[in-house]
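Asker: Just so it is clear, I am handing over structure04.txt, which has compact mmCIF, C-alpha atoms and all ligand atoms.
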```txt
# COMPACT_ATOMS: atom_id res chain seq x y z
CA MET Q 1 -15.21 74.33 54.24
CA LYS Q 2 -18.66 75.33 53.28
CA LYS Q 3 -20.07 73.14 50.60
CA ILE Q 4 -22.80 74.51 48.46
CA ILE Q 5 -24.94 72.27 46.40
CA LEU Q 6 -27.80 73.16 44.21
CA ALA Q 7 -30.95 71.34 44.93
CA PHE Q 8 -33.30 71.30 42.06
CA ALA Q 9 -36.86 70.87 43.05
CA LEU Q 10 -39.25 69.89 40.39
CA THR Q 11 -42.81 70.09 41.39
CA VAL Q 12 -45.31 68.58 39.11
CA VAL Q 13 -48.86 69.41 39.79
CA LEU Q 14 -51.52 67.55 37.95
CA ALA Q 15 -54.77 69.31 38.20
CA LEU Q 16 -57.79 67.62 36.88
CA THR Q 17 -60.70 69.94 36.65
CA GLY Q 18 -64.25 69.00 35.88
CA CYS Q 19 -64.71 66.87 32.78
CA ASP Q 20 -61.70 68.55 31.04
CA ASN Q 21 -58.34 66.83 31.72
CA THR Q 22 -56.31 70.03 32.26
CA THR Q 23 -52.64 69.56 33.34
CA ALA Q 24 -50.62 72.31 35.06
CA VAL Q 25 -46.83 71.94 35.50
CA THR Q 26 -44.88 74.15 37.97
CA GLU Q 27 -41.08 74.14 38.17
CA SER Q 28 -38.94 75.84 40.82
CA THR Q 29 -35.20 75.92 41.53
CA THR Q 30 -33.72 76.44 45.04
CA ALA Q 31 -30.16 76.49 46.41
CA THR Q 32 -29.55 75.52 50.05
CA PRO Q 33 -26.09 75.49 51.65
CA VAL Q 34 -25.15 72.07 53.04
CA VAL Q 35 -23.25 72.05 56.34
CA THR Q 36 -21.50 68.90 57.55
CA VAL Q 37 -22.11 68.50 61.29
CA MET Q 38 -20.19 66.06 63.46
CA THR Q 39 -21.87 64.18 66.26
CA SER Q 40 -20.89 61.15 68.34
CA SER Q 41 -23.69 58.65 68.83
CA GLY Q 42 -23.96 56.18 71.70
CA TYR Q 43 -24.75 59.07 74.01
CA ALA Q 44 -28.46 58.83 74.77
CA PRO Q 45 -30.52 60.98 75.13
CA TYR Q 46 -28.39 63.43 73.13
CA GLU Q 47 -27.49 61.30 70.12
CA MET Q 48 -28.05 57.67 69.36
CA VAL Q 49 -28.71 55.41 66.38
CA ASP Q 50 -32.18 53.83 66.15
CA ASN Q 51 -33.06 50.38 64.83
CA ASP Q 52 -33.23 51.70 61.28
CA GLY Q 53 -29.69 53.06 61.56
CA ASP Q 54 -30.86 56.67 61.76
CA LEU Q 55 -29.44 59.28 64.13
CA ILE Q 56 -31.99 60.38 66.72
CA GLY Q 57 -31.91 62.33 69.98
CA PHE Q 58 -32.08 65.80 71.45
CA ASP Q 59 -29.01 67.20 69.70
CA ILE Q 60 -30.06 65.76 66.35
CA GLU Q 61 -33.51 67.35 66.47
CA LEU Q 62 -32.18 70.62 67.87
CA MET Q 63 -29.60 70.88 65.11
CA GLU Q 64 -32.18 70.05 62.42
CA ALA Q 65 -34.44 72.77 63.83
CA ILE Q 66 -31.55 75.27 63.88
CA ALA Q 67 -30.68 74.34 60.30
CA ALA Q 68 -34.27 74.80 59.14
CA GLU Q 69 -34.39 78.19 60.89
CA ALA Q 70 -31.02 79.24 59.43
CA GLY Q 71 -31.86 78.02 55.94
CA VAL Q 72 -29.14 75.37 55.64
CA THR Q 73 -29.22 71.62 55.14
CA ILE Q 74 -27.34 69.30 57.52
CA GLU Q 75 -25.19 66.43 56.39
CA TRP Q 76 -24.43 64.33 59.48
CA ILE Q 77 -21.17 62.60 60.22
CA ASP Q 78 -20.92 60.28 63.22
CA VAL Q 79 -17.40 60.27 64.72
CA ASP Q 80 -15.48 59.32 67.87
CA PHE Q 81 -16.03 61.96 70.53
CA SER Q 82 -12.31 62.24 71.22
CA GLY Q 83 -11.61 63.47 67.69
CA ILE Q 84 -14.19 66.26 67.54
CA ILE Q 85 -12.25 69.21 68.93
CA ALA Q 86 -9.09 68.34 66.97
CA SER Q 87 -11.11 67.94 63.80
CA LEU Q 88 -12.67 71.40 64.24
CA GLN Q 89 -9.29 72.84 65.08
CA ALA Q 90 -7.76 71.32 61.96
CA GLY Q 91 -10.60 72.69 59.85
CA GLN Q 92 -11.61 69.21 58.69
CA TYR Q 93 -15.22 69.94 59.59
CA GLU Q 94 -16.78 73.17 60.75
CA VAL Q 95 -19.57 72.29 63.20
CA ALA Q 96 -20.22 69.70 65.93
CA ILE Q 97 -23.06 68.97 68.34
CA ALA Q 98 -22.44 66.13 70.78
CA GLY Q 99 -23.47 67.16 74.29
CA ILE Q 100 -20.25 69.16 74.32
CA SER Q 101 -19.29 71.11 77.43
CA PRO Q 102 -17.92 74.53 76.43
CA THR Q 103 -14.89 74.51 78.72
CA PRO Q 104 -12.41 77.41 78.79
CA ALA Q 105 -9.64 75.11 77.53
CA ARG Q 106 -11.67 74.05 74.50
CA ALA Q 107 -12.76 77.65 73.87
CA GLU Q 108 -9.12 78.48 73.22
CA VAL Q 109 -9.10 76.30 70.12
CA VAL Q 110 -12.75 76.26 68.93
CA ASP Q 111 -15.70 78.65 69.05
CA PHE Q 112 -18.91 77.82 70.90
CA SER Q 113 -22.53 78.78 70.40
CA ASN Q 114 -24.51 80.12 73.31
CA VAL Q 115 -25.35 77.36 75.78
CA TYR Q 116 -28.46 75.44 74.65
CA TYR Q 117 -28.99 73.36 77.79
CA ASN Q 118 -27.79 74.17 81.25
CA THR Q 119 -29.88 72.96 84.15
CA GLU Q 120 -27.60 71.81 86.90
CA SER Q 121 -29.72 68.76 87.71
CA GLY Q 122 -29.32 67.58 84.12
CA LEU Q 123 -25.58 68.02 83.93
CA ILE Q 124 -24.14 67.10 87.28
CA ASN Q 125 -21.84 64.06 87.09
CA TYR Q 126 -22.90 60.63 88.29
CA LEU Q 127 -20.85 57.59 89.07
CA ILE Q 128 -22.44 54.37 87.77
CA TYR Q 129 -21.58 50.99 89.29
CA SER Q 130 -22.97 47.55 90.11
CA ASP Q 131 -26.03 47.76 92.31
CA ASP Q 132 -24.47 45.53 94.92
CA ALA Q 133 -21.82 48.18 95.58
CA SER Q 134 -22.21 51.62 97.16
CA TYR Q 135 -19.71 54.37 96.41
CA THR Q 136 -21.07 57.55 97.84
CA THR Q 137 -17.99 59.52 98.83
CA LEU Q 138 -14.67 60.14 97.09
CA ASP Q 139 -12.94 58.15 99.82
CA ASP Q 140 -14.93 55.07 98.74
CA LEU Q 141 -13.07 55.12 95.42
CA ASP Q 142 -9.71 53.97 96.81
CA GLY Q 143 -8.45 50.97 94.82
CA LEU Q 144 -11.19 51.09 92.17
CA VAL Q 145 -10.81 51.14 88.39
CA ILE Q 146 -13.00 53.97 87.07
CA GLY Q 147 -13.84 54.47 83.42
CA ALA Q 148 -14.80 57.47 81.31
CA GLN Q 149 -15.20 58.20 77.63
CA LEU Q 150 -12.00 59.30 75.93
CA GLY Q 151 -11.74 63.05 75.38
CA THR Q 152 -14.53 64.03 77.76
CA VAL Q 153 -14.50 66.42 80.69
CA GLN Q 154 -15.27 63.39 82.85
CA ALA Q 155 -12.06 61.72 81.71
CA GLU Q 156 -10.08 64.84 82.51
CA MET Q 157 -11.72 65.24 85.90
CA LEU Q 158 -10.96 61.65 86.91
CA GLN Q 159 -7.35 61.94 85.83
CA GLY Q 160 -7.00 65.10 87.88
CA ILE Q 161 -7.95 63.45 91.17
CA ALA Q 162 -7.04 59.77 90.65
CA ASP Q 163 -3.81 59.91 92.65
CA GLU Q 164 -5.37 61.88 95.47
CA TYR Q 165 -8.17 59.37 95.95
CA GLY Q 166 -6.25 56.22 95.03
CA PHE Q 167 -8.20 54.98 92.01
CA THR Q 168 -7.08 54.04 88.50
CA VAL Q 169 -8.57 55.60 85.35
CA GLU Q 170 -9.42 53.59 82.23
CA LEU Q 171 -10.56 55.51 79.15
CA ARG Q 172 -12.53 53.98 76.27
CA GLY Q 173 -14.00 55.28 73.03
CA SER Q 174 -17.60 54.92 74.21
CA ASN Q 175 -19.57 54.58 77.41
CA SER Q 176 -21.10 51.32 76.18
CA LEU Q 177 -17.64 49.72 76.00
CA ILE Q 178 -17.13 50.68 79.64
CA VAL Q 179 -20.51 49.25 80.62
CA GLU Q 180 -19.50 45.98 78.93
CA GLU Q 181 -16.28 45.91 80.94
CA MET Q 182 -18.17 46.60 84.13
CA LYS Q 183 -20.14 43.43 83.43
CA ILE Q 184 -17.00 41.33 83.08
CA GLY Q 185 -15.38 43.06 86.05
CA THR Q 186 -12.38 44.80 84.47
CA ILE Q 187 -13.81 48.24 85.31
CA ASP Q 188 -15.64 49.06 88.56
CA ALA Q 189 -17.43 52.29 87.75
CA LEU Q 190 -18.22 54.82 85.00
CA LEU Q 191 -18.41 58.60 85.28
CA VAL Q 192 -21.00 60.39 83.09
CA GLU Q 193 -23.36 63.36 83.18
CA SER Q 194 -26.72 62.69 84.80
CA LEU Q 195 -28.92 62.57 81.68
CA ALA Q 196 -26.66 59.95 80.14
CA ALA Q 197 -26.41 58.19 83.51
CA THR Q 198 -30.19 57.89 83.72
CA GLU Q 199 -30.34 56.24 80.30
CA ILE Q 200 -27.56 53.80 81.16
CA VAL Q 201 -29.06 52.84 84.53
CA ASN Q 202 -32.52 52.44 82.99
CA ALA Q 203 -31.10 50.16 80.30
CA ASN Q 204 -29.01 48.10 82.75
CA THR Q 205 -31.04 47.08 85.77
CA ASP Q 206 -27.98 45.59 87.51
CA LEU Q 207 -26.39 49.06 87.70
CA THR Q 208 -27.05 51.99 89.99
CA SER Q 209 -25.65 55.50 90.29
CA SER Q 210 -24.90 58.22 92.77
CA VAL Q 211 -23.95 61.87 92.49
CA PHE Q 212 -20.23 62.32 92.00
CA GLU Q 213 -19.17 64.68 94.75
CA TYR Q 214 -16.36 66.25 92.83
CA SER Q 215 -18.63 67.91 90.27
CA ALA Q 216 -18.80 71.47 91.53
CA ASP Q 217 -16.50 73.16 89.05
CA SER Q 218 -17.41 71.07 86.03
CA PHE Q 219 -20.70 72.72 85.27
CA TYR Q 220 -20.62 74.28 81.82
CA GLY Q 221 -23.89 73.35 80.09
CA ASN Q 222 -23.94 72.15 76.48
CA ALA Q 223 -23.07 74.16 73.39
CA ILE Q 224 -22.47 73.67 69.68
CA ALA Q 225 -18.78 73.76 68.75
CA PHE Q 226 -17.40 75.43 65.62
CA ALA Q 227 -14.08 75.82 63.88
CA LYS Q 228 -12.60 79.15 65.09
CA ASP Q 229 -14.18 82.15 63.37
CA SER Q 230 -16.75 80.02 61.55
CA GLU Q 231 -19.39 82.07 59.77
CA TYR Q 232 -21.99 79.73 61.25
CA VAL Q 233 -21.53 80.90 64.86
CA ASP Q 234 -23.72 83.99 64.50
CA LEU Q 235 -26.17 82.39 62.11
CA PHE Q 236 -26.77 79.41 64.42
CA ASN Q 237 -26.87 81.58 67.55
CA GLN Q 238 -29.62 83.68 65.98
CA ALA Q 239 -31.55 80.56 65.01
CA LEU Q 240 -31.04 79.12 68.52
CA ALA Q 241 -32.35 82.35 70.09
CA THR Q 242 -35.46 82.17 67.93
CA LEU Q 243 -36.04 78.53 68.89
CA GLN Q 244 -35.54 79.40 72.57
CA GLU Q 245 -38.06 82.24 72.31
CA ASN Q 246 -40.71 80.30 70.40
CA GLY Q 247 -40.66 77.32 72.75
CA THR Q 248 -39.04 74.81 70.37
CA VAL Q 249 -36.04 74.19 72.65
CA ALA Q 250 -38.29 73.75 75.69
CA ALA Q 251 -40.40 71.24 73.76
CA LEU Q 252 -37.30 69.26 72.79
CA ILE Q 253 -36.06 69.26 76.38
CA ASP Q 254 -39.46 67.99 77.41
CA LYS Q 255 -39.43 65.30 74.74
CA TRP Q 256 -35.93 63.93 75.30
CA PHE Q 257 -34.89 64.93 78.80
CA THR Q 258 -37.94 64.15 80.90
CA THR Q 259 -36.22 61.17 82.51
CA ALA Q 260 -33.74 63.55 84.17
CA GLU Q 261 -35.97 63.81 87.20
CA THR Q 262 -35.96 60.05 87.79
CA THR Q 263 -32.19 59.63 88.09
CA THR Q 264 -31.57 57.28 90.96
CA THR Q 265 -29.29 58.01 93.85
CA ALA Q 266 -27.65 55.12 95.63
CA SER Q 267 -28.65 54.66 99.21
CA GLU Q 268 -25.90 54.96 101.79
N1 LIG Q 301 -20.14 66.79 78.13
C1 LIG Q 301 -18.98 65.95 78.07
C2 LIG Q 301 -17.87 66.64 77.33
O1 LIG Q 301 -18.09 67.59 76.63
C3 LIG Q 301 -19.26 64.60 77.46
C4 LIG Q 301 -19.86 64.63 76.10
C5 LIG Q 301 -19.87 63.26 75.43
N2 LIG Q 301 -20.63 63.31 74.22
C6 LIG Q 301 -20.84 62.28 73.38
N3 LIG Q 301 -21.59 62.48 72.34
N4 LIG Q 301 -20.33 61.11 73.64
O2 LIG Q 301 -16.74 66.26 77.43
```
Represent the structure from my file as structure tokens, please.
Answerer:
Amino acid sequence: MKKIILAFALTVVLALTGCDNTTAVTESTTATPVVTVMTSSGYAPYEMVDNDGDLIGFDIELMEAIAAEAGVTIEWIDVDFSGIIASLQAGQYEVAIAGISPTPARAEVVDFSNVYYNTESGLINYLIYSDDASYTTLDDLDGLVIGAQLGTVQAEMLQGIADEYGFTVELRGSNSLIVEEMKIGTIDALLVESLAATEIVNANTDLTSSVFEYSADSFYGNAIAFAKDSEYVDLFNQALATLQENGTVAALIDKWFTTAETTTTASE
């Protein structure tokens, strides 16, 4: 899977000294491995596309920093979240960073890096819904249509308890599609992790959120996923450890995740 390209760097230095027009030319050749990394944008603050069409967000900057530390170049590919694990499993691509929860079930078919973000307050699940509703307990969910992004732990969690609590689950390829449906009334609520919930509620003032009670055993943190036995696991773990020690990861958390503290909780 690993693609190697040769990058030829030609540095031309023109040095003009004194009254003599002296020209110095320096040439150097470097080879950097290129690693294709999958992500799935539309998941602020982890990964999103800015107005110029560029990928930005916590995961993007973290991965670029890891790559720089590990001496590789990233080639990004933006895919549907639901295809990521299967794509790694099939060996189509070797690495993915997408706010992925390293669950035991996934760990059977892919490898994971060490966890790069794991504060409970940032990862607990929130239910988002219209601010003229108030769903604060699982019993409030009876009869509702609740959405989640296809292939996520949130989707799986909802499906596991839908019958017990009497709600219906609708899965879509992105959270923004679900938010659109909440506006037209075909879906009542959306389940997401709190950092993503904060972004969605801040961007949609007619929505509010509350902690999803049934979150206790869903707390895994976020990790980079790899094709099984990828040579990049150790390399990227070492780079991640360095970035954790030298404060780079903390600075990125500070830059992208500061809004975590302001997540709203619906009043009873
Ligand atoms: N943490 C959840 C999971 O691993 C959701 C991740 C969704 N990520 C995304 N880029 N849309 O299932």
Asker: Please produce, as a tab-separated table, a per-residue contact table for chain Q versus ligand LIG 301 (chain Q) (criterion: any atom at most 6 Å away, all atoms listed in the file considered), showing the nearest atom pair and its distance in Å to one decimal, sorted by chain then residue number.
Answerer:
```
residue	atom	partner	partner_atom	distance
Q:Ser40	CA	Q:LIG301	N3	4.3
Q:Ser41	CA	Q:LIG301	N3	5.6
Q:Tyr43	CA	Q:LIG301	N4	4.9
Q:Phe81	CA	Q:LIG301	N4	5.4
Q:Ala98	CA	Q:LIG301	N3	4.1
Q:Gly99	CA	Q:LIG301	C4	4.8
Q:Ile100	CA	Q:LIG301	O1	3.5
Q:Ser101	CA	Q:LIG301	O1	3.8
Q:Thr152	CA	Q:LIG301	O2	3.2
Q:Val153	CA	Q:LIG301	O2	4.0
```
Asker: Counting only C-alpha atoms, what is within 6 Å of region 130-134 of chain Q, bar same-chain residues fewer than 2 positions away, as a ChimeraX atom specification?
Answerer: /Q:206-208
Asker: Can you work out which one of Q:Phe257, Q:Phe112, Q:Tyr135, Q:Trp76 has the shortest atom-to-atom distance to Tyr232 (chain Q), counting all atoms listed in the file?
Answerer: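 Of the candidates, the smallest distance to Tyr232 (chain Q) is held by Q:Phe112.
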Asker: Quick one, how far is CA of Asp111 (chain Q) from CA of Ala225 (chain Q)?
Answerer: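 If I compute the distance from CA of Asp111 (chain Q) to CA of Ala225 (chain Q), I get 5.8 Å.
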Asker: Quick one: pull the distance between CA of Val145 (chain Q) and CA of Glu213 (chain Q), Å, one decimal.
Answerer: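 Computed distance, CA of Val145 (chain Q) to CA of Glu213 (chain Q), equals 17.1 Å.
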Asker: Go ahead and compute the interatomic distance for CA of Lys228 (chain Q) and CA of Asn114 (chain Q), in Å to one decimal.
Answerer: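 Result for CA of Lys228 (chain Q) versus CA of Asn114 (chain Q): 14.5 Å, one decimal.
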Asker: Write out as a PDB file with C-alpha atoms, in the coordinates of the input which residues come within 10 Å of Glu164 (chain Q) when counting all atoms listed in the file, dropping same-chain ones fewer than 5 positions away.
Answerer:
```
ATOM      1  CA  LEU Q 138     -14.670  60.140  97.090  1.00  0.00           C
ATOM      2  CA  ASP Q 139     -12.940  58.150  99.820  1.00  0.00           C
ATOM      3  CA  ASP Q 142      -9.710  53.970  96.810  1.00  0.00           C
ATOM      4  CA  GLN Q 159      -7.350  61.940  85.830  1.00  0.00           C
TER       5      GLN Q 159
END
```
Asker: So which residues touch Gly42 (chain Q) within 8 Å, counting all atoms listed in the file, skipping near sequence neighbours fewer than 2 positions away, as a list in words?
Answerer: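 Everything that qualifies: Ser40, Ala44, Glu47, Met48, Val49, Ser174, Asn175 and Ser176 of chain Q.
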Asker: Which residues of region 157-258 of chain Q come within 8 Å of region 120-126 of chain Q, and what is each one's closest atom pair and distance in Å (one decimal), counting all atoms listed in the file, sorted by chain and residue number, as JSON lines?
Answerer:
```
{"residue": "Q:Leu191", "atom": "CA", "partner": "Q:Tyr126", "partner_atom": "CA", "distance": 5.8}
{"residue": "Q:Val192", "atom": "CA", "partner": "Q:Asn125", "partner_atom": "CA", "distance": 5.5}
{"residue": "Q:Glu193", "atom": "CA", "partner": "Q:Asn125", "partner_atom": "CA", "distance": 4.3}
{"residue": "Q:Ser194", "atom": "CA", "partner": "Q:Leu123", "partner_atom": "CA", "distance": 5.5}
{"residue": "Q:Leu195", "atom": "CA", "partner": "Q:Gly122", "partner_atom": "CA", "distance": 5.6}
{"residue": "Q:Ala197", "atom": "CA", "partner": "Q:Tyr126", "partner_atom": "CA", "distance": 6.4}
{"residue": "Q:Ser209", "atom": "CA", "partner": "Q:Tyr126", "partner_atom": "CA", "distance": 6.2}
{"residue": "Q:Ser210", "atom": "CA", "partner": "Q:Tyr126", "partner_atom": "CA", "distance": 5.5}
{"residue": "Q:Val211", "atom": "CA", "partner": "Q:Tyr126", "partner_atom": "CA", "distance": 4.5}
{"residue": "Q:Phe212", "atom": "CA", "partner": "Q:Tyr126", "partner_atom": "CA", "distance": 4.9}
{"residue": "Q:Ser215", "atom": "CA", "partner": "Q:Asn125", "partner_atom": "CA", "distance": 5.9}
{"residue": "Q:Ser218", "atom": "CA", "partner": "Q:Ile124", "partner_atom": "CA", "distance": 7.9}
{"residue": "Q:Phe219", "atom": "CA", "partner": "Q:Ile124", "partner_atom": "CA", "distance": 6.9}
{"residue": "Q:Gly221", "atom": "CA", "partner": "Q:Leu123", "partner_atom": "CA", "distance": 6.8}
```
